[in-house]
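Structure file model-v5.cif with mmCIF, C-alpha atoms and all ligand atoms:
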data_input
loop_
_atom_site.label_atom_id
_atom_site.label_comp_id
_atom_site.auth_asym_id
_atom_site.auth_seq_id
_atom_site.Cartn_x
_atom_site.Cartn_y
_atom_site.Cartn_z
CA MET A 9 3.53 4.43 4.35
CA ARG A 10 6.82 6.21 3.78
CA PRO A 11 7.58 8.61 6.66
CA SER A 12 7.61 12.16 5.36
CA GLY A 13 6.60 14.04 8.51
CA ARG A 14 3.19 15.32 9.53
CA LEU A 15 0.26 14.07 7.50
CA HIS A 16 -2.18 16.27 5.62
CA LEU A 17 -5.79 16.11 4.47
CA GLY A 18 -4.72 14.22 1.33
CA HIS A 19 -3.39 11.36 3.49
CA TYR A 20 -6.43 11.55 5.73
CA HIS A 21 -9.12 11.31 3.06
CA GLY A 22 -7.09 9.20 0.64
CA VAL A 23 -5.73 6.60 3.07
CA LEU A 24 -6.27 6.91 6.81
CA LYS A 25 -10.07 7.01 6.77
CA SER A 26 -10.13 3.78 4.79
CA TRP A 27 -7.57 2.14 7.11
CA VAL A 28 -9.75 2.98 10.11
CA LYS A 29 -12.56 1.09 8.38
CA LEU A 30 -10.40 -1.79 7.14
CA GLN A 31 -8.94 -2.47 10.59
CA HIS A 32 -12.37 -3.71 11.70
CA GLU A 33 -12.83 -5.89 8.61
CA TYR A 34 -9.41 -7.53 8.22
CA ASP A 35 -6.33 -8.51 10.20
CA CYS A 36 -4.39 -5.40 9.22
CA PHE A 37 -0.65 -4.67 9.33
CA PHE A 38 0.23 -0.99 8.92
CA CYS A 39 3.92 -0.32 8.54
CA ILE A 40 5.97 2.89 8.62
CA VAL A 41 8.56 2.04 5.98
CA ASP A 42 11.60 3.99 7.20
CA TRP A 43 14.02 1.99 5.01
CA HIS A 44 12.04 3.14 1.97
CA ALA A 45 12.69 6.74 3.00
CA LEU A 46 16.41 5.94 2.86
CA THR A 47 16.17 4.70 -0.73
CA THR A 48 15.75 8.30 -1.90
CA ASP A 49 16.75 10.43 1.11
CA TYR A 50 19.81 8.57 2.32
CA ALA A 51 21.76 11.84 2.56
CA GLU A 52 19.17 13.64 4.74
CA VAL A 53 18.52 11.51 7.77
CA GLY A 54 18.44 14.27 10.38
CA GLN A 55 14.64 14.42 10.44
CA LEU A 56 13.92 10.73 9.90
CA SER A 57 13.21 9.69 13.49
CA GLN A 58 10.99 12.75 14.03
CA HIS A 59 9.12 11.95 10.81
CA VAL A 60 8.48 8.41 12.01
CA MET A 61 7.14 9.67 15.34
CA ASP A 62 4.99 12.30 13.62
CA MET A 63 3.52 9.69 11.33
CA ALA A 64 2.73 7.36 14.22
CA VAL A 65 1.06 10.21 16.17
CA ASP A 66 -1.07 11.16 13.15
CA TRP A 67 -2.12 7.55 12.52
CA LEU A 68 -3.15 7.13 16.15
CA ALA A 69 -4.91 10.49 16.23
CA ALA A 70 -6.83 9.61 13.07
CA GLY A 71 -8.17 6.47 14.74
CA VAL A 72 -5.82 3.73 13.53
CA SER A 73 -5.90 1.67 16.70
CA PRO A 74 -3.29 -0.70 18.15
CA SER A 75 -6.13 -2.77 19.61
CA SER A 76 -7.60 -3.39 16.14
CA ALA A 77 -4.51 -3.48 13.91
CA THR A 78 -0.75 -4.03 14.07
CA LEU A 79 1.18 -0.73 13.77
CA PHE A 80 4.94 -0.94 13.48
CA VAL A 81 8.13 0.47 12.01
CA GLN A 82 9.80 -1.54 9.25
CA SER A 83 13.37 -1.35 10.65
CA GLN A 84 12.16 -2.79 13.97
CA VAL A 85 11.33 -6.02 12.15
CA PRO A 86 14.69 -7.12 10.69
CA GLU A 87 13.01 -10.05 8.92
CA HIS A 88 12.06 -7.54 6.18
CA ALA A 89 15.77 -7.17 5.39
CA GLU A 90 16.41 -10.92 5.36
CA LEU A 91 13.51 -11.67 3.04
CA HIS A 92 14.58 -8.79 0.79
CA LEU A 93 18.09 -10.25 0.60
CA LEU A 94 16.85 -13.77 -0.15
CA LEU A 95 14.44 -12.53 -2.81
CA SER A 96 17.23 -10.48 -4.38
CA MET A 97 18.93 -13.78 -5.26
CA ILE A 98 16.07 -14.75 -7.56
CA CYS A 99 14.85 -11.40 -8.84
CA PRO A 100 16.02 -10.73 -12.42
CA LEU A 101 17.62 -7.32 -12.81
CA SER A 102 15.42 -6.61 -15.83
CA TRP A 103 12.28 -6.86 -13.67
CA LEU A 104 13.53 -4.01 -11.48
CA GLU A 105 14.68 -1.87 -14.38
CA ARG A 106 11.30 -2.05 -16.08
CA VAL A 107 9.25 -0.93 -13.03
CA PRO A 108 7.58 2.25 -14.42
CA SER A 109 8.34 4.43 -11.39
CA TYR A 110 12.10 3.68 -11.54
CA LYS A 111 12.93 5.95 -14.47
CA GLU A 112 10.17 8.48 -13.63
CA GLN A 113 11.34 8.97 -10.05
CA GLN A 114 14.98 9.13 -11.07
CA GLU A 115 14.12 11.98 -13.40
CA ARG A 116 11.93 13.75 -10.82
CA GLN A 117 14.42 13.61 -7.92
CA ASN A 118 16.65 16.28 -9.38
CA GLY A 119 19.75 16.95 -7.39
CA LYS A 120 19.76 13.50 -5.79
CA ASP A 121 21.99 10.74 -7.04
CA LEU A 122 19.62 7.82 -7.33
CA ALA A 123 21.90 5.54 -9.32
CA THR A 124 22.10 3.41 -6.18
CA TYR A 125 21.57 -0.24 -5.40
CA GLY A 126 18.96 0.64 -2.74
CA PHE A 127 16.85 2.74 -5.07
CA LEU A 128 16.84 0.16 -7.86
CA GLY A 129 15.84 -2.52 -5.36
CA TYR A 130 13.11 -0.65 -3.54
CA PRO A 131 10.22 -2.40 -5.36
CA LEU A 132 11.73 -5.68 -4.19
CA LEU A 133 11.93 -4.36 -0.63
CA GLN A 134 8.27 -3.43 -0.98
CA ALA A 135 7.52 -6.93 -2.28
CA ALA A 136 9.30 -8.37 0.77
CA ASP A 137 7.22 -6.09 3.05
CA ILE A 138 4.06 -7.60 1.57
CA LEU A 139 5.10 -11.23 1.11
CA LEU A 140 6.54 -11.45 4.62
CA TYR A 141 3.00 -11.35 6.02
CA ARG A 142 1.55 -13.50 3.24
CA ALA A 143 -0.85 -10.62 2.71
CA GLY A 144 -4.04 -11.40 0.83
CA LEU A 145 -4.93 -7.78 0.10
CA VAL A 146 -2.88 -4.62 -0.09
CA PRO A 147 -4.76 -1.29 0.00
CA VAL A 148 -3.22 0.86 -2.74
CA GLY A 149 -3.96 3.62 -5.21
CA ALA A 150 -4.07 2.85 -8.93
CA ASP A 151 -0.51 4.18 -9.37
CA GLN A 152 0.78 1.37 -7.15
CA LEU A 153 -0.77 -1.46 -9.16
CA PRO A 154 2.48 -2.26 -11.04
CA HIS A 155 4.19 -2.73 -7.67
CA ILE A 156 1.59 -5.25 -6.52
CA GLU A 157 1.93 -7.08 -9.83
CA PHE A 158 5.68 -7.08 -9.27
CA ALA A 159 5.22 -8.64 -5.80
CA ARG A 160 2.96 -11.28 -7.35
CA GLU A 161 5.59 -12.13 -9.96
CA VAL A 162 8.28 -12.43 -7.31
CA ALA A 163 6.07 -14.75 -5.22
CA ARG A 164 5.29 -16.87 -8.28
CA ARG A 165 8.95 -17.20 -9.17
CA PHE A 166 9.82 -18.14 -5.60
CA ASN A 167 7.07 -20.78 -5.43
CA HIS A 168 8.10 -22.10 -8.82
CA LEU A 169 11.72 -22.47 -7.75
CA TYR A 170 11.26 -23.75 -4.21
CA GLY A 171 7.65 -24.81 -3.84
CA SER A 172 7.98 -28.54 -4.60
CA GLU A 173 7.82 -30.98 -1.74
CA PRO A 174 11.22 -32.61 -1.02
CA ASP A 175 11.83 -35.63 -3.32
CA PHE A 176 8.53 -34.84 -4.97
CA GLU A 177 9.89 -34.98 -8.52
CA LEU A 178 11.25 -38.51 -8.18
CA LYS A 179 8.09 -39.89 -6.55
CA ALA A 180 5.78 -38.23 -9.06
CA GLU A 181 7.79 -39.31 -12.09
CA ALA A 182 7.88 -42.93 -10.98
CA ALA A 183 4.15 -42.98 -10.32
CA ILE A 184 3.21 -41.14 -13.52
CA GLY A 185 5.34 -43.51 -15.60
CA LYS A 186 2.89 -46.25 -14.68
CA LEU A 187 -0.08 -44.26 -16.00
CA GLY A 188 1.17 -44.21 -19.59
CA LYS A 189 2.65 -41.66 -21.95
CA LYS A 190 -0.53 -39.71 -22.64
CA ALA A 191 -1.20 -39.10 -18.94
CA GLY A 192 2.46 -38.18 -18.47
CA ARG A 193 2.32 -35.60 -21.26
CA LEU A 194 -0.94 -34.15 -19.95
CA TYR A 195 0.46 -33.95 -16.45
CA SER A 196 3.62 -32.15 -17.66
CA SER A 197 1.70 -29.51 -19.57
CA LEU A 198 -0.79 -28.94 -16.72
CA ARG A 199 2.02 -28.69 -14.22
CA LYS A 200 3.90 -26.16 -16.32
CA ALA A 201 0.77 -24.02 -16.64
CA TYR A 202 0.03 -24.29 -12.94
CA GLN A 203 3.55 -23.44 -11.84
CA GLU A 204 3.62 -20.44 -14.13
CA GLN A 205 0.30 -19.14 -12.85
CA GLY A 206 0.54 -20.76 -9.46
CA ASP A 207 -2.83 -19.83 -8.07
CA ALA A 208 -6.01 -21.56 -6.98
CA GLU A 209 -7.80 -20.68 -10.20
CA ALA A 210 -5.16 -22.43 -12.31
CA LEU A 211 -5.53 -25.50 -10.12
CA GLU A 212 -9.28 -25.54 -10.69
CA THR A 213 -8.76 -25.21 -14.46
CA ALA A 214 -6.39 -28.16 -14.32
CA ARG A 215 -8.93 -30.25 -12.41
CA ALA A 216 -11.63 -29.46 -14.99
CA LEU A 217 -9.26 -30.45 -17.83
CA LEU A 218 -8.42 -33.72 -16.13
CA LYS A 219 -12.11 -34.55 -15.78
CA GLU A 220 -12.46 -34.28 -19.56
CA GLN A 221 -9.93 -37.08 -20.13
CA SER A 222 -12.28 -40.01 -20.61
CA ASN A 223 -9.37 -42.39 -21.32
CA ILE A 224 -7.91 -41.83 -17.83
CA THR A 225 -9.75 -43.53 -15.00
CA LEU A 226 -11.23 -41.44 -12.20
CA GLY A 227 -8.73 -42.86 -9.73
CA ASP A 228 -5.80 -41.94 -11.98
CA GLN A 229 -7.26 -38.48 -12.53
CA GLU A 230 -7.29 -37.94 -8.77
CA ARG A 231 -3.74 -39.23 -8.49
CA LEU A 232 -2.54 -36.86 -11.21
CA PHE A 233 -4.31 -33.98 -9.53
CA GLY A 234 -2.67 -34.86 -6.22
CA TYR A 235 0.78 -34.75 -7.85
CA LEU A 236 -0.07 -31.46 -9.45
CA GLU A 237 -1.07 -29.93 -6.14
CA GLY A 238 2.05 -31.20 -4.44
CA SER A 239 4.28 -29.95 -7.22
CA ALA A 240 3.52 -26.31 -6.63
CA LYS A 241 3.16 -25.72 -2.95
CA VAL A 242 2.48 -22.06 -2.27
CA ILE A 243 4.99 -20.74 0.25
CA LEU A 244 4.60 -17.04 -0.51
CA ALA A 245 0.99 -16.08 -1.20
CA GLU A 246 0.32 -13.84 -4.18
CA PRO A 247 -1.25 -10.60 -2.93
CA GLN A 248 -4.18 -8.86 -4.56
CA PRO A 249 -4.62 -5.08 -4.64
CA LEU A 250 -7.49 -3.51 -2.71
CA LEU A 251 -8.07 -0.36 -4.71
CA ALA A 252 -8.51 2.73 -2.57
CA ASP A 253 -11.20 5.31 -3.26
CA PRO A 254 -9.56 7.57 -5.85
CA SER A 255 -10.87 10.75 -4.15
CA ARG A 256 -8.35 13.41 -4.96
CA VAL A 257 -7.93 16.04 -2.29
CA PRO A 258 -7.10 19.42 -3.80
CA GLY A 259 -4.42 21.51 -2.20
CA LEU A 260 -4.62 25.22 -1.41
CA ASP A 261 -3.77 26.02 -5.03
CA GLY A 262 -6.23 23.53 -6.54
CA GLN A 263 -3.45 21.08 -7.50
CA LYS A 264 -3.11 17.70 -5.79
CA MET A 265 -2.30 18.21 -2.12
CA ALA A 266 1.33 17.38 -1.36
CA LYS A 267 3.76 18.51 1.30
CA SER A 268 6.44 19.15 -1.34
CA SER A 269 4.08 21.47 -3.26
CA GLY A 270 3.61 23.73 -0.22
CA ASN A 271 -0.17 23.53 -0.66
CA ALA A 272 -1.11 21.25 2.23
CA ILE A 273 -3.46 21.57 5.20
CA PHE A 274 -1.94 19.42 7.93
CA LEU A 275 -4.04 17.41 10.35
CA ARG A 276 -2.45 19.21 13.26
CA ASP A 277 -2.72 22.76 11.87
CA GLY A 278 -4.15 25.02 14.58
CA ASP A 279 -7.33 27.06 14.04
CA ALA A 280 -5.44 30.29 13.29
CA GLU A 281 -3.13 28.54 10.83
CA LEU A 282 -6.07 26.91 9.07
CA GLU A 283 -7.97 30.21 8.84
CA GLU A 284 -4.91 31.94 7.41
CA LYS A 285 -4.29 29.19 4.82
CA LEU A 286 -7.92 29.22 3.64
CA ARG A 287 -8.03 33.02 3.61
CA ARG A 288 -5.10 33.08 1.17
CA MET A 289 -6.58 30.44 -1.13
CA PRO A 290 -7.16 31.60 -4.70
CA THR A 291 -10.78 31.69 -5.87
CA ASP A 292 -12.54 32.07 -9.21
CA PRO A 293 -10.56 34.89 -10.90
CA ALA A 294 -13.87 36.30 -12.23
CA ARG A 295 -14.79 37.42 -8.71
CA VAL A 296 -12.67 40.54 -8.61
CA HIS A 297 -15.26 42.53 -6.63
CA ARG A 298 -17.72 41.38 -4.00
CA ASP A 299 -20.67 41.78 -6.40
CA ASP A 300 -19.02 39.97 -9.36
CA PRO A 301 -20.74 36.60 -9.90
CA GLY A 302 -18.50 33.49 -9.98
CA GLU A 303 -18.51 29.85 -10.91
CA PRO A 304 -17.64 27.28 -8.21
CA GLN A 305 -16.27 24.83 -10.80
CA ARG A 306 -13.38 27.25 -11.40
CA CYS A 307 -12.57 27.55 -7.70
CA PRO A 308 -10.39 25.25 -5.51
CA VAL A 309 -12.39 26.28 -2.43
CA TRP A 310 -15.40 24.56 -3.98
CA SER A 311 -13.47 21.28 -4.30
CA LEU A 312 -12.85 21.32 -0.56
CA HIS A 313 -16.49 22.21 0.13
CA GLN A 314 -17.45 19.07 -1.78
CA LEU A 315 -15.45 17.03 0.71
CA TYR A 316 -16.68 18.78 3.82
CA SER A 317 -20.11 20.31 3.28
CA PRO A 318 -23.55 18.70 3.40
CA ASP A 319 -25.87 19.10 0.38
CA GLU A 320 -27.64 22.09 1.88
CA ARG A 321 -24.42 24.07 2.22
CA LEU A 322 -23.24 23.01 -1.23
CA HIS A 323 -26.45 24.42 -2.62
CA TRP A 324 -25.86 27.65 -0.65
CA VAL A 325 -22.35 27.97 -2.15
CA VAL A 326 -23.47 27.36 -5.74
CA GLU A 327 -26.40 29.76 -5.53
CA GLY A 328 -24.51 32.37 -3.55
CA CYS A 329 -21.43 32.29 -5.78
CA ARG A 330 -23.32 32.46 -9.08
CA SER A 331 -25.58 35.27 -7.88
CA ALA A 332 -22.84 37.04 -5.88
CA SER A 333 -25.15 36.99 -2.84
CA ILE A 334 -22.25 35.65 -0.75
CA GLY A 335 -18.66 36.84 -0.73
CA CYS A 336 -15.63 34.57 -0.95
CA LEU A 337 -14.79 35.27 2.68
CA ASP A 338 -18.28 34.05 3.77
CA CYS A 339 -17.76 30.97 1.65
CA LYS A 340 -14.30 30.27 3.08
CA SER A 341 -15.46 30.89 6.62
CA ALA A 342 -18.17 28.20 6.26
CA LEU A 343 -15.55 25.80 4.91
CA CYS A 344 -13.15 26.64 7.71
CA SER A 345 -15.76 25.80 10.38
CA ALA A 346 -16.48 22.46 8.72
CA VAL A 347 -12.80 21.49 8.51
CA GLN A 348 -12.20 22.63 12.09
CA THR A 349 -15.16 20.56 13.33
CA GLU A 350 -13.74 17.42 11.75
CA LEU A 351 -10.15 18.03 12.81
CA ALA A 352 -10.77 19.26 16.38
CA PRO A 353 -11.11 15.82 18.06
CA LEU A 354 -8.24 14.47 16.01
CA ARG A 355 -6.00 17.36 17.08
CA LEU A 356 -6.87 16.81 20.73
CA ARG A 357 -5.89 13.15 20.46
CA ALA A 358 -2.68 14.13 18.66
CA ILE A 359 -1.75 16.48 21.53
CA ASP A 360 -2.18 13.62 24.01
CA TYR A 361 0.14 11.40 21.98
CA GLU A 362 2.64 14.22 21.39
CA ASP A 363 2.84 14.64 25.16
CA SER A 364 3.46 10.90 25.64
CA PRO A 365 6.23 9.87 23.22
CA ASP A 366 7.02 6.85 25.40
CA LEU A 367 3.47 5.60 24.92
CA VAL A 368 3.83 5.95 21.14
CA ARG A 369 7.18 4.12 21.23
CA SER A 370 5.70 1.29 23.27
CA ILE A 371 2.73 0.96 20.88
CA LEU A 372 5.19 0.66 17.98
CA ALA A 373 7.41 -1.79 19.90
CA GLU A 374 4.42 -4.02 20.70
CA GLY A 375 3.33 -3.83 17.07
CA ALA A 376 6.83 -4.82 15.96
CA GLU A 377 6.72 -7.87 18.25
CA ARG A 378 3.36 -8.95 16.83
CA ALA A 379 4.63 -8.40 13.30
CA ARG A 380 7.80 -10.39 14.05
CA ASP A 381 5.74 -13.39 15.18
CA GLU A 382 4.18 -13.54 11.72
CA ALA A 383 7.40 -12.67 9.92
CA ARG A 384 9.39 -15.38 11.72
CA ASP A 385 6.91 -18.07 10.63
CA THR A 386 7.19 -17.05 6.99
CA LEU A 387 10.97 -16.85 7.10
CA ALA A 388 11.26 -20.27 8.72
CA GLU A 389 9.44 -21.72 5.70
CA VAL A 390 11.43 -19.61 3.26
CA ARG A 391 14.77 -20.67 4.76
CA LEU A 392 13.74 -24.32 4.73
CA ALA A 393 12.59 -24.12 1.11
CA MET A 394 15.89 -22.49 0.10
CA GLY A 395 17.96 -25.17 1.81
CA LEU A 396 19.05 -22.91 4.69
CA ASN A 397 18.03 -25.38 7.40
CA TYR A 398 20.99 -26.16 9.66
FE1 LIG B 1 -14.98 30.13 -4.71
FE2 LIG B 1 -16.83 30.31 -2.83
FE3 LIG B 1 -15.73 32.53 -3.91
FE4 LIG B 1 -17.37 31.05 -5.35
S1 LIG B 1 -17.88 32.15 -3.48
S2 LIG B 1 -15.41 31.89 -6.02
S3 LIG B 1 -16.89 28.99 -4.63
S4 LIG B 1 -14.70 30.97 -2.67
#
Show me the file's structure as structure tokens.
Ligand code: SF4
Amino acid sequence: MRPSGRLHLGHYHGVLKSWVKLQHEYDCFFCIVDWHALTTDYAEVGQLSQHVMDMAVDWLAAGVSPSSATLFVQSQVPEHAELHLLLSMICPLSWLERVPSYKEQQERQNGKDLATYGFLGYPLLQAADILLYRAGLVPVGADQLPHIEFAREVARRFNHLYGSEPDFELKAEAAIGKLGKKAGRLYSSLRKAYQEQGDAEALETARALLKEQSNITLGDQERLFGYLEGSAKVILAEPQPLLADPSRVPGLDGQKMAKSSGNAIFLRDGDAELEEKLRRMPTDPARVHRDDPGEPQRCPVWSLHQLYSPDERLHWVVEGCRSASIGCLDCKSALCSAVQTELAPLRLRAIDYEDSPDLVRSILAEGAERARDEARDTLAEVRLAMGLNY
């Protein structure tokens, strides 16, 4: 997650709640990607360290736990930079230029000069962040799918270039020569397909195809399969996306909640601040007077009720709004209590962490050490495969 300061309800419902669940189901690595913040905000670094600390506090307060998952800051694991550099040697420029968000973001970031090397390369940095841990699954929203596909392509290219066992080619060619031309041709085409796809499924398809070759003995089929497996050793695993629940949290104006839109409710907003924000929220414009009936579907307050209220209260809102038996202030007050009830324990935990910045720093430092253990293993293999073994 890119550090952008305090987190809001959009982050909480869209990401953090699912992380809290995932940390008990998988071996999770959650990373505050401070270098990614620099790819667009390189000229405004004054708040960066505070943003990182705020993000860590909010994660911890929301229940992301250092005893269940590894929490760390990207720049405290320098292996991310090394893998990014090594992958940059093999990543075609055209792959980066065609990433959909490249042009879009450049156009959106008005006032910032994003014709930089760092900005163009940020999807590759993200690929390095993922591939460094040989991640099987990456929890993302649908808008991030092209980035996961990009990471998969980079891994495939790396495995294709460096995945063969040392001297494998010579050994395989000599052995296959003895099996005859037909087997040799079959092996070459299977190998090409496997190296291009490079995953377990492709290997299974190849095995099934080999079994159909009645003119090649079973023993030779096994031998060919063995060569095929050895010819495309997977060094960097291809990650799969784990699609997050697309629940869209509306902001105070009914648009998507975002800090930059000024429509956010932050996890650490105090009771008075929350009351004030909800009080100012627009409602159905048809409800000019207290006794004008309204329609919840036209009201952003209703969207938040749907996130926070049980069925009984939802029913109360719909009936009360349409019949004008409740006023908008009654409706907002019920919502406010529900949000406060959910956020109160989280805020208390956040205060504890805010008061103990050294504790937060030590949690992140321990996380970075755990992450580095994994990262070092991957890089040792990567360096060896790329001939950097001195
Ligand atoms: Fe919106 Fe509730 Fe007012 Fe209806 S009663 S317009 S749902 S705030």
**Request:** Could you give me, as a PyMOL selection string, the residues that have an atom at most 9 Å away from the point (-16.5, 30.7, -13.7) in the coordinates of the file, using all atoms listed in the file?
**Result:** chain A and resi 292-295+301-307+330
**Item:** Near-ligand residues for ligand LIG 1 (chain B), threshold 12 Å, all atoms listed in the file, as a PyMOL selection string
**Value:** chain A and resi 260-262+286-314+321-344
**Request:** Find the residue from A:His21, A:His88, A:His16, A:Arg231 that sits nearest to Trp43 in chain A; use all atoms listed in the file when measuring.
**Result:** A:His88
So that all listed atoms of range 353-356 of chain A fit with 4 Å spare on each side, what axis-aligned box centre and edge lengths in Å, to one decimal, would you give as JSON?
{"center_x": -8.6, "center_y": 15.9, "center_z": 18.4, "size_x": 13.1, "size_y": 10.9, "size_z": 12.7}
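Note that the spacing between CA of Tyr110 in chain A and CA of Leu91 in chain A amounts to 21.2 Å.
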**Item:** d(CA of Arg14 in chain A, CA of Arg276 in chain A) in Å
**Value:**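 Computing it gives 7.8 Å between the two atoms.
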**Prompt:** To one decimal place, how far is CA of Glu246 in chain A from CA of Gly144 in chain A in Å?
**Reply:** 7.1 Å
**Item:** Expected residue set, 12 Å radius at (2.6, -4.2, 22.7), all atoms listed in the file, as an MDAnalysis selection string
**Value:** chainID A and resid 73:75 77:80 367:380
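Between Leu275 in chain A and the candidates A:Phe127, A:Trp27, A:Phe38, A:Trp67, the tightest atom-to-atom separation, counting only C-alpha atoms, involves A:Trp67.
Across A:Cys39, A:Leu122, A:Ala69, A:Ala266, the tightest approach to Val85 in chain A is made by A:Cys39 when counting all atoms listed in the file.
Excluding Gly395 in chain A and any residue on its chain fewer than 2 positions from it, the residues at most 12 Å away by all atoms listed in the file are Leu94, Leu169, Tyr170, Gly171, Pro174, Ala388, Glu389, Val390, Arg391, Leu392, Ala393, Asn397 and Tyr398 of chain A.
Closest approach to Gly278 in chain A among A:Ala352, A:Leu46, A:Leu217, A:Ala383 is made by A:Ala352 (distances from only C-alpha atoms).
Among the candidate residues A:Gln348, A:Pro86, A:Lys285, A:Ser102, the one lying nearest to Leu387 in chain A is A:Pro86, with distances computed using all atoms listed in the file.
Ranking A:Ser197, A:Thr124, A:Gln248, A:Thr225 by their shortest atom-to-atom distance to Ile156 in chain A, with only C-alpha atoms included, puts A:Gln248 first.
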